[in-house]
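Enquirer: Coordinates in entry_23.cif, mmCIF, C-alpha atoms and all ligand atoms, are listed below.
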```cif
data_coords
loop_
_atom_site.label_atom_id
_atom_site.label_comp_id
_atom_site.auth_asym_id
_atom_site.auth_seq_id
_atom_site.Cartn_x
_atom_site.Cartn_y
_atom_site.Cartn_z
CA MET A 17 0.00 0.00 0.00
CA LYS A 18 1.12 3.55 -0.69
CA TYR A 19 1.46 6.12 2.09
CA LYS A 20 2.18 9.79 1.41
CA ILE A 21 4.43 11.34 4.04
CA ALA A 22 5.40 15.01 4.14
CA VAL A 23 8.92 15.19 5.61
CA ILE A 24 10.17 18.33 7.34
CA PRO A 25 13.83 17.90 8.34
CA GLY A 26 14.02 21.48 9.69
CA ASP A 27 17.05 22.94 11.48
CA GLY A 28 19.95 21.98 13.73
CA ILE A 29 19.96 18.26 14.42
CA GLY A 30 16.58 17.93 12.63
CA PRO A 31 18.03 16.82 9.26
CA GLU A 32 20.44 14.38 10.96
CA VAL A 33 17.82 12.59 13.04
CA MET A 34 15.41 12.61 10.09
CA GLU A 35 17.93 10.93 7.81
CA GLU A 36 18.25 8.02 10.23
CA THR A 37 14.49 7.82 10.65
CA LEU A 38 13.99 7.51 6.88
CA LYS A 39 16.59 4.71 6.84
CA VAL A 40 14.49 2.87 9.39
CA LEU A 41 11.25 3.49 7.47
CA ASP A 42 12.92 2.29 4.27
CA LYS A 43 13.81 -0.93 6.01
CA ILE A 44 10.19 -1.34 7.14
CA SER A 45 8.92 -0.70 3.62
CA ARG A 46 11.25 -3.36 2.20
CA LYS A 47 10.40 -5.91 4.87
CA TYR A 48 6.62 -5.46 4.72
CA GLY A 49 6.23 -4.38 1.09
CA HIS A 50 4.87 -0.89 1.77
CA ASN A 51 5.41 2.12 -0.40
CA PHE A 52 6.31 5.18 1.66
CA GLU A 53 6.38 8.20 -0.62
CA TYR A 54 8.30 11.06 0.99
CA THR A 55 7.92 14.69 -0.03
CA LYS A 56 10.53 16.87 1.65
CA VAL A 57 9.28 20.35 2.50
CA LEU A 58 10.68 23.46 4.11
CA ALA A 59 9.75 24.86 7.51
CA GLY A 60 11.62 26.75 10.22
CA GLY A 61 14.89 28.65 9.98
CA CYS A 62 15.97 26.94 6.77
CA ALA A 63 12.73 28.12 5.14
CA ILE A 64 13.42 31.68 6.30
CA ASP A 65 16.87 31.46 4.71
CA GLN A 66 15.69 29.92 1.45
CA VAL A 67 12.31 31.51 0.77
CA GLY A 68 12.03 34.33 3.32
CA GLU A 69 9.31 32.89 5.56
CA CYS A 70 9.26 30.13 8.19
CA LEU A 71 6.12 28.39 6.93
CA PRO A 72 5.58 28.71 3.17
CA GLN A 73 2.03 28.10 1.94
CA GLN A 74 3.39 25.29 -0.25
CA THR A 75 4.49 23.42 2.88
CA ILE A 76 0.99 23.64 4.38
CA ASP A 77 -0.55 22.50 1.08
CA ILE A 78 1.76 19.50 0.76
CA CYS A 79 1.18 18.51 4.41
CA ARG A 80 -2.59 18.72 3.85
CA ALA A 81 -2.30 16.53 0.75
CA SER A 82 -0.28 13.90 2.67
CA ASP A 83 -1.43 11.09 4.93
CA ALA A 84 0.95 12.17 7.71
CA VAL A 85 3.76 14.60 8.48
CA LEU A 86 7.15 13.74 9.99
CA LEU A 87 9.12 16.61 11.48
CA GLY A 88 12.68 16.83 12.83
CA ALA A 89 12.98 20.12 14.71
CA VAL A 90 13.03 23.83 14.01
CA GLY A 91 14.83 26.84 15.46
CA GLY A 92 18.33 27.89 16.34
CA TRP A 93 20.59 30.69 17.54
CA LYS A 94 20.84 32.19 14.08
CA TRP A 95 17.19 33.25 14.13
CA ASP A 96 16.83 34.05 17.84
CA SER A 97 16.84 37.82 17.38
CA LEU A 98 13.97 37.88 14.88
CA PRO A 99 10.67 39.40 16.04
CA GLY A 100 8.35 36.86 17.71
CA ASN A 101 6.02 36.35 14.77
CA GLU A 102 8.89 35.72 12.33
CA ARG A 103 10.79 33.15 14.36
CA PRO A 104 11.23 29.56 13.08
CA GLU A 105 9.12 28.25 16.00
CA MET A 106 6.11 29.99 14.44
CA ALA A 107 6.25 27.34 11.72
CA LEU A 108 5.42 24.69 14.31
CA LEU A 109 2.55 26.66 15.78
CA GLY A 110 1.29 27.51 12.29
CA LEU A 111 1.35 23.86 11.23
CA ARG A 112 -0.42 22.72 14.39
CA LYS A 113 -3.17 25.29 13.86
CA ALA A 114 -3.48 24.88 10.08
CA LEU A 115 -3.67 21.10 10.34
CA GLY A 116 -6.04 21.10 13.34
CA LEU A 117 -3.61 19.07 15.50
CA PHE A 118 -5.25 19.68 18.86
CA ALA A 119 -4.15 16.48 20.64
CA ASN A 120 -0.49 15.98 21.44
CA LEU A 121 0.46 12.56 22.81
CA ARG A 122 3.84 12.38 24.50
CA PRO A 123 4.46 8.89 25.85
CA ALA A 124 7.26 8.78 28.41
CA ILE A 125 8.43 5.20 28.73
CA LEU A 126 11.47 4.22 30.72
CA PHE A 127 13.12 1.37 28.84
CA GLU A 128 14.42 -1.22 31.28
CA GLU A 129 17.85 -0.88 29.65
CA LEU A 130 17.98 2.84 30.41
CA ALA A 131 17.24 2.65 34.12
CA GLU A 132 20.81 3.83 34.73
CA ALA A 133 20.34 6.93 32.60
CA CYS A 134 17.40 7.99 34.75
CA PRO A 135 18.54 10.57 37.32
CA LEU A 136 16.03 9.33 39.93
CA LYS A 137 16.90 6.73 42.56
CA PRO A 138 16.39 3.14 41.35
CA GLU A 139 13.68 2.42 43.95
CA ILE A 140 11.58 5.33 42.61
CA VAL A 141 11.48 3.92 39.07
CA GLU A 142 11.72 0.23 39.83
CA GLY A 143 9.58 -1.81 37.43
CA GLY A 144 9.73 0.89 34.77
CA LEU A 145 7.63 3.91 33.91
CA ASP A 146 4.91 4.36 31.34
CA ILE A 147 3.27 7.76 31.39
CA CYS A 148 1.34 9.35 28.56
CA VAL A 149 1.15 13.13 28.61
CA VAL A 150 -1.85 14.34 26.61
CA ARG A 151 -1.17 17.98 25.87
CA GLU A 152 -3.73 20.37 24.38
CA LEU A 153 -1.94 21.79 21.35
CA THR A 154 -3.95 24.44 19.51
CA GLY A 155 -5.30 26.62 22.30
CA GLY A 156 -4.38 28.35 25.53
CA ILE A 157 -1.70 30.98 26.01
CA TYR A 158 0.14 29.94 22.83
CA PHE A 159 -2.72 31.10 20.66
CA GLY A 160 -4.55 33.64 22.85
CA GLU A 161 -4.48 37.35 22.24
CA LYS A 162 -1.02 38.82 22.75
CA GLY A 163 0.47 42.25 22.51
CA THR A 164 2.13 45.15 24.23
CA ARG A 165 0.80 48.31 25.82
CA GLU A 166 2.09 51.33 27.69
CA THR A 167 1.55 51.36 31.44
CA GLU A 168 2.67 53.48 34.41
CA MET A 169 5.38 50.88 34.96
CA GLY A 170 6.65 51.19 31.39
CA LEU A 171 5.93 49.00 28.40
CA ALA A 172 3.97 45.86 29.32
CA ALA A 173 3.56 42.68 27.29
CA TYR A 174 0.78 40.15 27.64
CA ASP A 175 -0.29 36.70 26.41
CA ILE A 176 -3.80 35.58 27.26
CA GLU A 177 -4.61 32.07 28.47
CA GLU A 178 -8.10 31.22 27.24
CA TYR A 179 -9.90 27.89 26.87
CA SER A 180 -13.39 27.19 25.60
CA GLU A 181 -15.51 24.32 26.90
CA GLU A 182 -15.33 22.53 23.57
CA GLU A 183 -11.52 22.76 23.43
CA VAL A 184 -11.28 21.20 26.88
CA ARG A 185 -13.94 18.59 26.16
CA ARG A 186 -12.28 17.21 23.04
CA ILE A 187 -8.83 16.90 24.61
CA ALA A 188 -10.31 15.37 27.77
CA LYS A 189 -12.05 12.74 25.62
CA VAL A 190 -8.74 11.87 23.96
CA ALA A 191 -7.19 11.42 27.41
CA PHE A 192 -10.02 9.25 28.76
CA ASP A 193 -10.11 7.12 25.60
CA MET A 194 -6.36 6.64 25.96
CA ALA A 195 -6.73 5.71 29.65
CA MET A 196 -9.34 3.07 28.77
CA LYS A 197 -6.68 1.32 26.66
CA ARG A 198 -4.07 1.65 29.42
CA GLY A 199 -4.14 1.90 33.22
CA LYS A 200 -7.61 3.56 33.50
CA LYS A 201 -6.29 6.53 35.41
CA VAL A 202 -6.34 10.20 34.31
CA THR A 203 -4.58 13.00 36.15
CA SER A 204 -5.76 16.41 35.00
CA VAL A 205 -3.20 19.12 35.69
CA ASP A 206 -4.20 22.77 36.07
CA LYS A 207 -3.83 25.82 38.28
CA ALA A 208 -7.45 26.03 39.37
CA ASN A 209 -6.51 27.61 42.70
CA VAL A 210 -5.56 30.77 40.79
CA LEU A 211 -6.66 30.75 37.16
CA GLU A 212 -10.21 31.16 35.86
CA SER A 213 -9.31 29.22 32.69
CA SER A 214 -8.18 26.32 34.90
CA ARG A 215 -11.45 26.34 36.83
CA LEU A 216 -13.34 25.94 33.57
CA TRP A 217 -10.85 23.24 32.53
CA ARG A 218 -11.41 21.30 35.76
CA ARG A 219 -15.22 21.51 35.53
CA VAL A 220 -15.33 20.29 31.92
CA VAL A 221 -12.87 17.44 32.58
CA ALA A 222 -15.11 16.31 35.47
CA GLU A 223 -18.12 16.35 33.13
CA VAL A 224 -16.31 14.21 30.56
CA ALA A 225 -15.23 11.82 33.33
CA GLU A 226 -18.88 10.98 33.98
CA ASP A 227 -18.95 9.13 30.66
CA TYR A 228 -16.00 6.99 31.76
CA PRO A 229 -17.03 5.42 35.07
CA GLU A 230 -14.19 2.89 34.90
CA VAL A 231 -11.53 5.58 34.77
CA GLU A 232 -10.23 7.14 37.98
CA LEU A 233 -9.82 10.92 37.72
CA ASN A 234 -7.44 12.93 39.88
CA ASN A 235 -6.79 16.65 39.73
CA LEU A 236 -3.41 18.13 40.55
CA TYR A 237 -2.14 21.69 40.49
CA ILE A 238 0.76 22.13 38.10
CA ASP A 239 3.27 22.99 40.82
CA ASN A 240 2.41 19.85 42.76
CA ALA A 241 2.37 17.77 39.55
CA ALA A 242 5.90 18.91 38.68
CA MET A 243 7.01 17.86 42.14
CA GLN A 244 5.15 14.53 42.06
CA MET A 245 6.75 13.73 38.71
CA VAL A 246 10.13 13.35 40.41
CA ARG A 247 8.85 12.20 43.82
CA ASN A 248 6.64 9.35 42.62
CA PRO A 249 6.25 9.19 38.83
CA LYS A 250 4.74 5.71 38.99
CA GLN A 251 1.45 7.21 40.23
CA PHE A 252 0.81 8.56 36.72
CA ASP A 253 -0.88 6.81 33.82
CA VAL A 254 -2.43 9.46 31.55
CA ILE A 255 -1.83 13.13 32.30
CA VAL A 256 -4.09 15.62 30.52
CA THR A 257 -3.17 19.26 30.58
CA SER A 258 -3.06 22.60 28.79
CA ASN A 259 -0.69 23.63 26.05
CA ILE A 260 1.86 25.40 28.24
CA PHE A 261 1.74 23.04 31.23
CA GLY A 262 2.04 20.08 28.85
CA ASP A 263 5.07 21.62 27.19
CA ILE A 264 6.86 21.87 30.52
CA LEU A 265 5.71 18.60 32.10
CA SER A 266 6.63 16.57 29.02
CA ASP A 267 10.23 17.82 29.07
CA GLU A 268 10.35 16.88 32.75
CA ALA A 269 8.89 13.45 32.00
CA SER A 270 11.43 12.96 29.22
CA MET A 271 14.36 13.39 31.53
CA ILE A 272 13.17 10.79 33.99
CA THR A 273 13.03 8.33 31.10
CA GLY A 274 16.73 8.85 30.52
CA SER A 275 16.99 11.66 27.99
CA ILE A 276 14.94 14.05 25.93
CA GLY A 277 16.55 12.28 22.99
CA MET A 278 14.26 9.31 23.67
CA LEU A 279 10.83 10.97 23.75
CA PRO A 280 8.57 10.80 20.67
CA SER A 281 5.28 12.56 20.06
CA ALA A 282 2.16 12.43 17.96
CA SER A 283 0.06 15.48 17.21
CA LEU A 284 -3.36 14.38 16.08
CA ALA A 285 -6.33 15.98 14.40
CA SER A 286 -9.77 14.44 14.62
CA GLY A 287 -9.57 11.45 12.30
CA ASN A 288 -6.34 9.65 11.47
CA PHE A 289 -4.19 12.50 10.28
CA GLY A 290 -1.19 13.35 12.41
CA MET A 291 2.16 15.09 12.61
CA TYR A 292 4.95 13.16 14.29
CA GLU A 293 8.01 14.74 15.84
CA PRO A 294 10.44 14.25 18.71
CA VAL A 295 9.72 16.26 21.86
CA HIS A 296 13.22 17.75 21.77
CA GLY A 297 14.27 20.78 19.78
CA SER A 298 16.96 21.46 17.22
CA ALA A 299 19.79 21.18 19.79
CA PRO A 300 22.05 23.72 18.05
CA ASP A 301 24.87 22.71 20.40
CA LEU A 302 24.96 19.25 18.79
CA ALA A 303 24.19 20.11 15.17
CA GLY A 304 26.58 18.58 12.67
CA LEU A 305 28.51 16.64 15.31
CA ASP A 306 26.93 13.21 14.77
CA MET A 307 26.09 13.18 18.48
CA ALA A 308 22.31 13.58 18.54
CA ASN A 309 20.15 10.67 19.60
CA PRO A 310 17.81 9.85 16.68
CA MET A 311 15.64 7.50 18.75
CA ALA A 312 12.95 10.07 19.64
CA THR A 313 12.36 10.72 15.94
CA ILE A 314 12.56 7.04 15.04
CA LEU A 315 10.03 6.27 17.78
CA SER A 316 7.86 9.11 16.44
CA ALA A 317 7.84 7.33 13.07
CA ALA A 318 6.68 4.21 14.92
CA MET A 319 3.83 6.24 16.39
CA MET A 320 2.94 7.37 12.86
CA LEU A 321 2.70 3.75 11.72
CA ARG A 322 0.57 2.90 14.74
CA TYR A 323 -1.83 5.85 14.90
CA THR A 324 -2.20 7.13 11.35
CA PHE A 325 -1.49 4.05 9.22
CA ASP A 326 -2.77 1.41 11.64
CA LEU A 327 0.35 -0.73 11.04
CA LYS A 328 0.72 -2.23 14.49
CA ASP A 329 3.25 -4.98 13.69
CA GLU A 330 5.50 -2.56 11.87
CA ALA A 331 5.34 -0.09 14.76
CA ASP A 332 6.15 -2.86 17.24
CA ASP A 333 9.03 -3.91 15.02
CA ILE A 334 10.63 -0.45 15.23
CA GLU A 335 10.15 -0.20 19.00
CA ASN A 336 11.62 -3.66 19.52
CA ALA A 337 14.58 -2.79 17.30
CA VAL A 338 15.31 0.27 19.45
CA ARG A 339 15.11 -1.95 22.53
CA ARG A 340 17.46 -4.51 21.04
CA VAL A 341 20.05 -1.89 20.17
CA LEU A 342 19.88 -0.58 23.73
CA SER A 343 20.05 -4.12 25.15
CA ALA A 344 23.21 -4.72 23.15
CA GLY A 345 24.73 -1.85 25.11
CA TYR A 346 24.82 0.82 22.41
CA ARG A 347 24.39 4.36 23.68
CA THR A 348 24.42 7.82 22.15
CA PRO A 349 26.22 10.30 24.44
CA ASP A 350 23.02 11.69 26.00
CA ILE A 351 22.16 8.31 27.51
CA GLY A 352 25.72 7.62 28.55
CA ASN A 353 28.15 4.89 27.70
CA THR A 354 28.48 1.51 29.32
CA ASP A 355 32.19 1.64 30.00
CA ASP A 356 32.82 -0.05 33.34
CA GLY A 357 36.36 1.26 33.43
CA ASP A 358 37.85 -2.18 32.87
CA PRO A 359 39.94 -2.04 29.65
CA THR A 360 39.74 -5.80 29.22
CA THR A 361 35.97 -5.80 28.73
CA ASP A 362 34.37 -4.70 25.49
CA ASP A 363 31.51 -2.77 26.97
CA THR A 364 32.02 0.71 25.57
CA ARG A 365 29.51 1.04 22.84
CA LEU A 366 29.27 4.77 22.48
CA ILE A 367 27.77 5.52 19.10
CA GLY A 368 26.85 8.52 16.98
CA THR A 369 23.62 9.48 15.22
CA ALA A 370 24.33 7.63 11.98
CA LYS A 371 25.48 4.43 13.66
CA ALA A 372 22.39 4.44 15.86
CA GLY A 373 20.13 4.69 12.81
CA LYS A 374 22.05 1.99 10.98
CA LEU A 375 21.91 -0.42 13.93
CA ILE A 376 18.19 0.11 14.45
CA ALA A 377 17.48 -0.41 10.74
CA GLU A 378 19.57 -3.60 10.83
CA ALA A 379 17.73 -4.83 13.92
CA ILE A 380 14.42 -4.75 12.02
P1 LIG B 401 16.53 21.31 22.82
O1 LIG B 401 15.55 20.23 23.07
O2 LIG B 401 16.90 21.56 21.40
O3 LIG B 401 17.85 21.01 23.64
C1 LIG B 401 17.86 20.91 25.06
C2 LIG B 401 19.07 20.08 25.51
O4 LIG B 401 18.84 18.71 25.16
C3 LIG B 401 20.37 20.48 24.81
O5 LIG B 401 21.42 20.31 25.72
C4 LIG B 401 20.50 19.45 23.69
O6 LIG B 401 21.83 19.20 23.32
C5 LIG B 401 19.83 18.23 24.30
N1 LIG B 401 19.17 17.41 23.27
C6 LIG B 401 18.04 17.72 22.59
N2 LIG B 401 17.76 16.77 21.70
C7 LIG B 401 18.70 15.84 21.81
C8 LIG B 401 18.96 14.59 21.13
N3 LIG B 401 18.15 14.14 20.17
N4 LIG B 401 20.04 13.88 21.50
C9 LIG B 401 20.84 14.32 22.46
N5 LIG B 401 20.66 15.47 23.14
C10 LIG B 401 19.61 16.22 22.81
O7 LIG B 401 15.92 22.62 23.50
P2 LIG B 401 16.47 24.13 23.52
O8 LIG B 401 17.95 24.15 23.61
O9 LIG B 401 15.67 24.80 24.54
O10 LIG B 401 16.03 24.71 22.10
C11 LIG B 401 16.88 24.76 20.96
C12 LIG B 401 16.05 25.27 19.77
O11 LIG B 401 15.06 24.30 19.43
C13 LIG B 401 15.29 26.56 20.07
O12 LIG B 401 15.32 27.33 18.90
C14 LIG B 401 13.89 26.07 20.37
O13 LIG B 401 12.89 27.04 20.13
C15 LIG B 401 13.78 24.92 19.43
N6 LIG B 401 12.80 23.88 19.80
C16 LIG B 401 12.17 23.28 18.75
C17 LIG B 401 11.30 22.24 19.00
C18 LIG B 401 10.66 21.57 17.85
O14 LIG B 401 11.00 21.82 16.71
N7 LIG B 401 9.71 20.69 18.08
C19 LIG B 401 11.11 21.80 20.32
C20 LIG B 401 11.80 22.44 21.36
C21 LIG B 401 12.66 23.47 21.08
C1 LIG B 402 7.63 21.64 21.77
C2 LIG B 402 8.39 22.92 21.61
C3 LIG B 402 7.50 23.98 20.99
C4 LIG B 402 6.36 24.25 21.95
C5 LIG B 402 8.19 25.31 20.62
C6 LIG B 402 9.46 25.11 19.86
C7 LIG B 402 7.25 26.20 19.86
O1 LIG B 402 8.94 23.34 22.81
O2 LIG B 402 7.10 21.11 20.77
O3 LIG B 402 7.58 21.13 22.90
O4 LIG B 402 6.51 25.05 22.89
O5 LIG B 402 5.28 23.68 21.75
MN MN B 403 8.76 21.87 24.42
#
```
Translate this file's structure into C-alpha cells.
Expert:
Amino acid sequence: MKYKIAVIPGDGIGPEVMEETLKVLDKISRKYGHNFEYTKVLAGGCAIDQVGECLPQQTIDICRASDAVLLGAVGGWKWDSLPGNERPEMALLGLRKALGLFANLRPAILFEELAEACPLKPEIVEGGLDICVVRELTGGIYFGEKGTRETEMGLAAYDIEEYSEEEVRRIAKVAFDMAMKRGKKVTSVDKANVLESSRLWRRVVAEVAEDYPEVELNNLYIDNAAMQMVRNPKQFDVIVTSNIFGDILSDEASMITGSIGMLPSASLASGNFGMYEPVHGSAPDLAGLDMANPMATILSAAMMLRYTFDLKDEADDIENAVRRVLSAGYRTPDIGNTDDGDPTTDDTRLIGTAKAGKLIAEAI
C-alpha cells in the first residue's frame, strides 16, 4: 500500500535525526512491502533562509495533501533575534493550527535498559515507567491574544490564556479514551486555585469523566504535579493538561526516562491525520557533530505507523529494534556509555547518530 508522508527535516539536528528515521522506514517498507512516498518540505529557519518565511504556503498545502507529516525540529541561535512572529518556531505553531492538530500525545516510557540513565533513585522507578502526557496543542496561552501596551510601569507585554468548553472537552475525551486502553487513570493538571481558565478546565474534565465510570480521575495543580513527577512518577498513567503546562511537564517526564533524545510525540487531528516529531528541539549545540540521539524521531515514526497508518506490527518492530540496540549496550552520548572502566571488557559502545540509525534499521 502507498502512504504519502510530508517530511520536514528542519534545522539543527533535525536533518540528521530525520535521515536516520527515513533509513528505518525504508527498512520497514522493504520488509513489509509498503510504499512510503516522501515529499521533503521546508519549515523553520531553513525556510526563512531559502524563501524568506518560516512556513511557506506550499508546505501547508503538501502537508494537507499527505497522509501524515514527519518533522525533525526547528529553530536555532541564528534566528533568535527575529521578532516573535517571524521566528522559526512559528512554523510549528502555524502547522499545528493549520492542520487542526489539537491532541499531542507524548508517551514517556522508561526502557528497562535505560534505568541507569534515569537521574532518579532506582527504587523510585523500579519496574519501569509508562506515562502518557496528553497535551492540548492548539489553544491556551500559545494562541490567545497577545500584545504590548504602555503602562505606568513602562511598556507591558501580555499573552492571554483562554480555553473554551469545547476545546477542553475534546482533549479530555482523547485522554479518557487513551486511559481506557491503558491503566484507567487520568490525572488532570491545572492551576485552578488561581486561574479562571483552569477552573473551567477542571469543571469540563469532570463532566467528561462521567462518561468513563471505569476511569479514575485525579486533579493536581501544576506545581504539585511537577514535584510529584520526580517524587513518585509511577502514580501517573495518563496526564491531561493545557498547552503550556504540557510543554513543561513533558520535558520533565522525558528526563526521567533517561533523555529528551528518547521521547517521541504524535500530534493528532480528529480522524487519522497526524504530525509526528520528537519532543526535543533542534539542539544547536549538537548540530553537525553526529552526536544527537535519533531514537525520539525514530520512535515518532513508529507512532505514525501505529496511529495514522494502523500498522501495528511494523510499529512494534521499530520499537523492539530500538530496545534490542539498547540491550546490546549501544548508547548515544546523551544516555551515557556503558564503560565499566575495565579495559579488558568490550563494553564501551558509544555511538553517533548515523550508527544508531544503521543499527536500528539492521535490527528490524
Ligand atoms: P533542545 O531540546 O533543542 O535542547 C535541550 C538540551 O537537550 C540540549 O542540551 C541538547 O543538546 C539536548 N538534546 C536535545 N535533543 C537531543 C537529542 N536528540 N540527542 C541528544 N541530546 C539532545 O531545546 P532548547 O535548547 O531549549 O532549544 C533549541 C532550539 O530548538 C530553540 O530554537 C527552540 O525554540 C527549538 N525547539 C524546537 C522544538 C521543535 O522543533 N519541536 C522543540 C523544542 C525546542
Ligand atoms: C515543543 C516545543 C514547541 C512548543 C516550541 C518550539 C514552539 O517546545 O514542541 O515542545 O513550545 O510547543
Ligand atoms: Mn517543548
Enquirer: Out of A:Val341, A:Ala222, A:Val295, A:Met278, which residue has the shortest atom-to-atom distance to ligand LIG 402 (chain B) when counting all atoms listed in the file?
Expert: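 Checking each of A:Val341, A:Ala222, A:Val295, A:Met278 against ligand LIG 402 (chain B), counting all atoms listed in the file, the winner is A:Val295.
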Enquirer: So what do you get for atom C18 of ligand LIG 401 (chain B) versus atom CA of Ala22 of chain A, distance-wise?
Expert: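 Atom-to-atom, atom C18 of ligand LIG 401 (chain B) and atom CA of Ala22 of chain A are spaced 16.1 Å apart.
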Enquirer: Find the residues near Glu212 of chain A: any atom within 10 Å, counting all atoms listed in the file, skip ones fewer than 6 places away on the same chain, and give them as a ChimeraX atom specification.
Expert: /A:177-179,218
Enquirer: List the neighbours of Tyr48 of chain A out to 12 Å using all atoms listed in the file; skip same-chain residues closer than 2 positions along the sequence, and give me the result as number ranges by chain.
Expert: A: 17-18, 41-46, 50-52, 327-331, 333, 380
Enquirer: Residues up to 9 Å from ligand LIG 401 (chain B), counting all atoms listed in the file: could you list those as an mmCIF file with C-alpha atoms, in the frame of the given file?
Expert:
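For reference, result23.cif as written:
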```cif
data_model
loop_
_atom_site.group_PDB
_atom_site.id
_atom_site.type_symbol
_atom_site.label_atom_id
_atom_site.label_comp_id
_atom_site.auth_asym_id
_atom_site.auth_seq_id
_atom_site.Cartn_x
_atom_site.Cartn_y
_atom_site.Cartn_z
ATOM 1 C CA GLY A 26 14.020 21.480 9.690
ATOM 2 C CA ASP A 27 17.050 22.940 11.480
ATOM 3 C CA GLY A 28 19.950 21.980 13.730
ATOM 4 C CA ILE A 29 19.960 18.260 14.420
ATOM 5 C CA GLY A 30 16.580 17.930 12.630
ATOM 6 C CA VAL A 33 17.820 12.590 13.040
ATOM 7 C CA GLY A 60 11.620 26.750 10.220
ATOM 8 C CA LEU A 87 9.120 16.610 11.480
ATOM 9 C CA GLY A 88 12.680 16.830 12.830
ATOM 10 C CA ALA A 89 12.980 20.120 14.710
ATOM 11 C CA VAL A 90 13.030 23.830 14.010
ATOM 12 C CA GLY A 91 14.830 26.840 15.460
ATOM 13 C CA GLY A 92 18.330 27.890 16.340
ATOM 14 C CA TRP A 93 20.590 30.690 17.540
ATOM 15 C CA LYS A 94 20.840 32.190 14.080
ATOM 16 C CA TRP A 95 17.190 33.250 14.130
ATOM 17 C CA ASP A 96 16.830 34.050 17.840
ATOM 18 C CA ARG A 103 10.790 33.150 14.360
ATOM 19 C CA PRO A 104 11.230 29.560 13.080
ATOM 20 C CA GLU A 105 9.120 28.250 16.000
ATOM 21 C CA ALA A 107 6.250 27.340 11.720
ATOM 22 C CA LEU A 108 5.420 24.690 14.310
ATOM 23 C CA ASP A 263 5.070 21.620 27.190
ATOM 24 C CA ASP A 267 10.230 17.820 29.070
ATOM 25 C CA SER A 275 16.990 11.660 27.990
ATOM 26 C CA ILE A 276 14.940 14.050 25.930
ATOM 27 C CA GLY A 277 16.550 12.280 22.990
ATOM 28 C CA MET A 278 14.260 9.310 23.670
ATOM 29 C CA LEU A 279 10.830 10.970 23.750
ATOM 30 C CA GLU A 293 8.010 14.740 15.840
ATOM 31 C CA PRO A 294 10.440 14.250 18.710
ATOM 32 C CA VAL A 295 9.720 16.260 21.860
ATOM 33 C CA HIS A 296 13.220 17.750 21.770
ATOM 34 C CA GLY A 297 14.270 20.780 19.780
ATOM 35 C CA SER A 298 16.960 21.460 17.220
ATOM 36 C CA ALA A 299 19.790 21.180 19.790
ATOM 37 C CA PRO A 300 22.050 23.720 18.050
ATOM 38 C CA ASP A 301 24.870 22.710 20.400
ATOM 39 C CA LEU A 302 24.960 19.250 18.790
ATOM 40 C CA ALA A 303 24.190 20.110 15.170
ATOM 41 C CA MET A 307 26.090 13.180 18.480
ATOM 42 C CA ALA A 308 22.310 13.580 18.540
ATOM 43 C CA ASN A 309 20.150 10.670 19.600
ATOM 44 C CA PRO A 310 17.810 9.850 16.680
ATOM 45 C CA MET A 311 15.640 7.500 18.750
ATOM 46 C CA ALA A 312 12.950 10.070 19.640
ATOM 47 C CA THR A 313 12.360 10.720 15.940
ATOM 48 C CA THR A 348 24.420 7.820 22.150
ATOM 49 C CA PRO A 349 26.220 10.300 24.440
ATOM 50 C CA ASP A 350 23.020 11.690 26.000
ATOM 51 C CA ILE A 351 22.160 8.310 27.510
ATOM 52 C CA THR A 369 23.620 9.480 15.220
#
```
Enquirer: Which residues, written as number ranges by chain, have at least one atom at most 9 Å from Leu265 of chain A, with all atoms listed in the file counted and residues fewer than 3 positions away on the same chain left out?
Expert: A: 149, 238, 241-242, 245, 260-262, 268-270
Enquirer: Around all the atoms of segment 199-210 of chain A listed in the file, with 5 Å of room on each side, what axis-aligned box do you get, giving centre and edge lengths in Å to one decimal, as lines of an AutoDock Vina configuration file?
Expert:
```
center_x = -5.4
center_y = 16.3
center_z = 38.0
size_x = 14.4
size_y = 38.9
size_z = 19.5
```
Enquirer: A:Lys47, A:Lys56, A:Arg112, A:Arg80: which is nearest ligand LIG 402 (chain B), counting all atoms listed in the file?
Expert: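 Using all atoms listed in the file, the shortest distance to ligand LIG 402 (chain B) belongs to A:Arg112.
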Enquirer: Rounded to one decimal in Å, what is the spacing between atom CA of Leu342 of chain A and atom CA of Ile125 of chain A?
Expert: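 Straight-line distance from atom CA of Leu342 of chain A to atom CA of Ile125 of chain A works out to 13.8 Å.
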Enquirer: Measuring between all atoms listed in the file, which one of A:Ser266, A:Asn235, A:Asn336, A:Thr324 shows the shortest distance to ligand LIG 402 (chain B)?
Expert: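 Ranked by minimum distance to ligand LIG 402 (chain B), first place goes to A:Ser266.
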Enquirer: Would you please work out which residue, of A:Ser97, A:Asn120, A:Gln244, A:Thr257, is nearest to ligand LIG 402 (chain B) when using all atoms listed in the file?
Expert: A:Asn120
Enquirer: Could you work out how far atom CA of Ala63 of chain A lies from atom CA of Glu161 of chain A, giving the answer in Å with one decimal?
Expert: 26.0 Å
Enquirer: Between A:Leu117, A:Met169, A:Val254, A:Leu58, which is the closest to ligand LIG 402 (chain B) once you count all atoms listed in the file?
Expert: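 Of the candidates, the smallest distance to ligand LIG 402 (chain B) is held by A:Leu117.
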Enquirer: Could you give me, as a list in words, the residues within 9 Å of segment 223-227 of chain A, counting only C-alpha atoms and dropping anything in the same chain fewer than 4 positions from it?
Expert: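 Result of the neighbour search: Arg185, Ala188, Lys189, Phe192, Arg218, Arg219, Val231, Glu232 and Leu233 of chain A.
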Enquirer: If you count only C-alpha atoms, which residues fall within 9 Å of Val40 of chain A, apart from same-chain ones fewer than 6 positions away, as a list in words?
Expert: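 The contact residues come out as Ile314, Ala317, Ile334, Gly373, Lys374, Ile376, Ala377, Glu378 and Ile380 of chain A.
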Enquirer: Rank A:Leu121, A:Ala285, A:Leu321, A:Leu130 by their smallest atom-to-atom distance to ligand LIG 402 (chain B), using only C-alpha atoms and all ligand atoms, and report the top residue only.
Expert: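 Of A:Leu121, A:Ala285, A:Leu321, A:Leu130, the one nearest ligand LIG 402 (chain B), counting only C-alpha atoms and all ligand atoms, is A:Leu121.
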Enquirer: Determine, counting all atoms listed in the file, every residue of protein, DNA or RNA that lies within 7 Å of (12.0, 10.9, 1.3) in the file coordinates, then give the result as a PyMOL selection string.
Expert: chain A and resi 23+38+53-56
Enquirer: Keeping C-alpha atoms for every residue in the selection just given, could you write it to a file as an mmCIF file, in the coordinates of the input?
Expert:
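Generated file (result00.cif):
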```
data_model
loop_
_atom_site.group_PDB
_atom_site.id
_atom_site.type_symbol
_atom_site.label_atom_id
_atom_site.label_comp_id
_atom_site.auth_asym_id
_atom_site.auth_seq_id
_atom_site.Cartn_x
_atom_site.Cartn_y
_atom_site.Cartn_z
ATOM 1 C CA VAL A 23 8.920 15.190 5.610
ATOM 2 C CA LEU A 38 13.990 7.510 6.880
ATOM 3 C CA GLU A 53 6.380 8.200 -0.620
ATOM 4 C CA TYR A 54 8.300 11.060 0.990
ATOM 5 C CA THR A 55 7.920 14.690 -0.030
ATOM 6 C CA LYS A 56 10.530 16.870 1.650
#
```
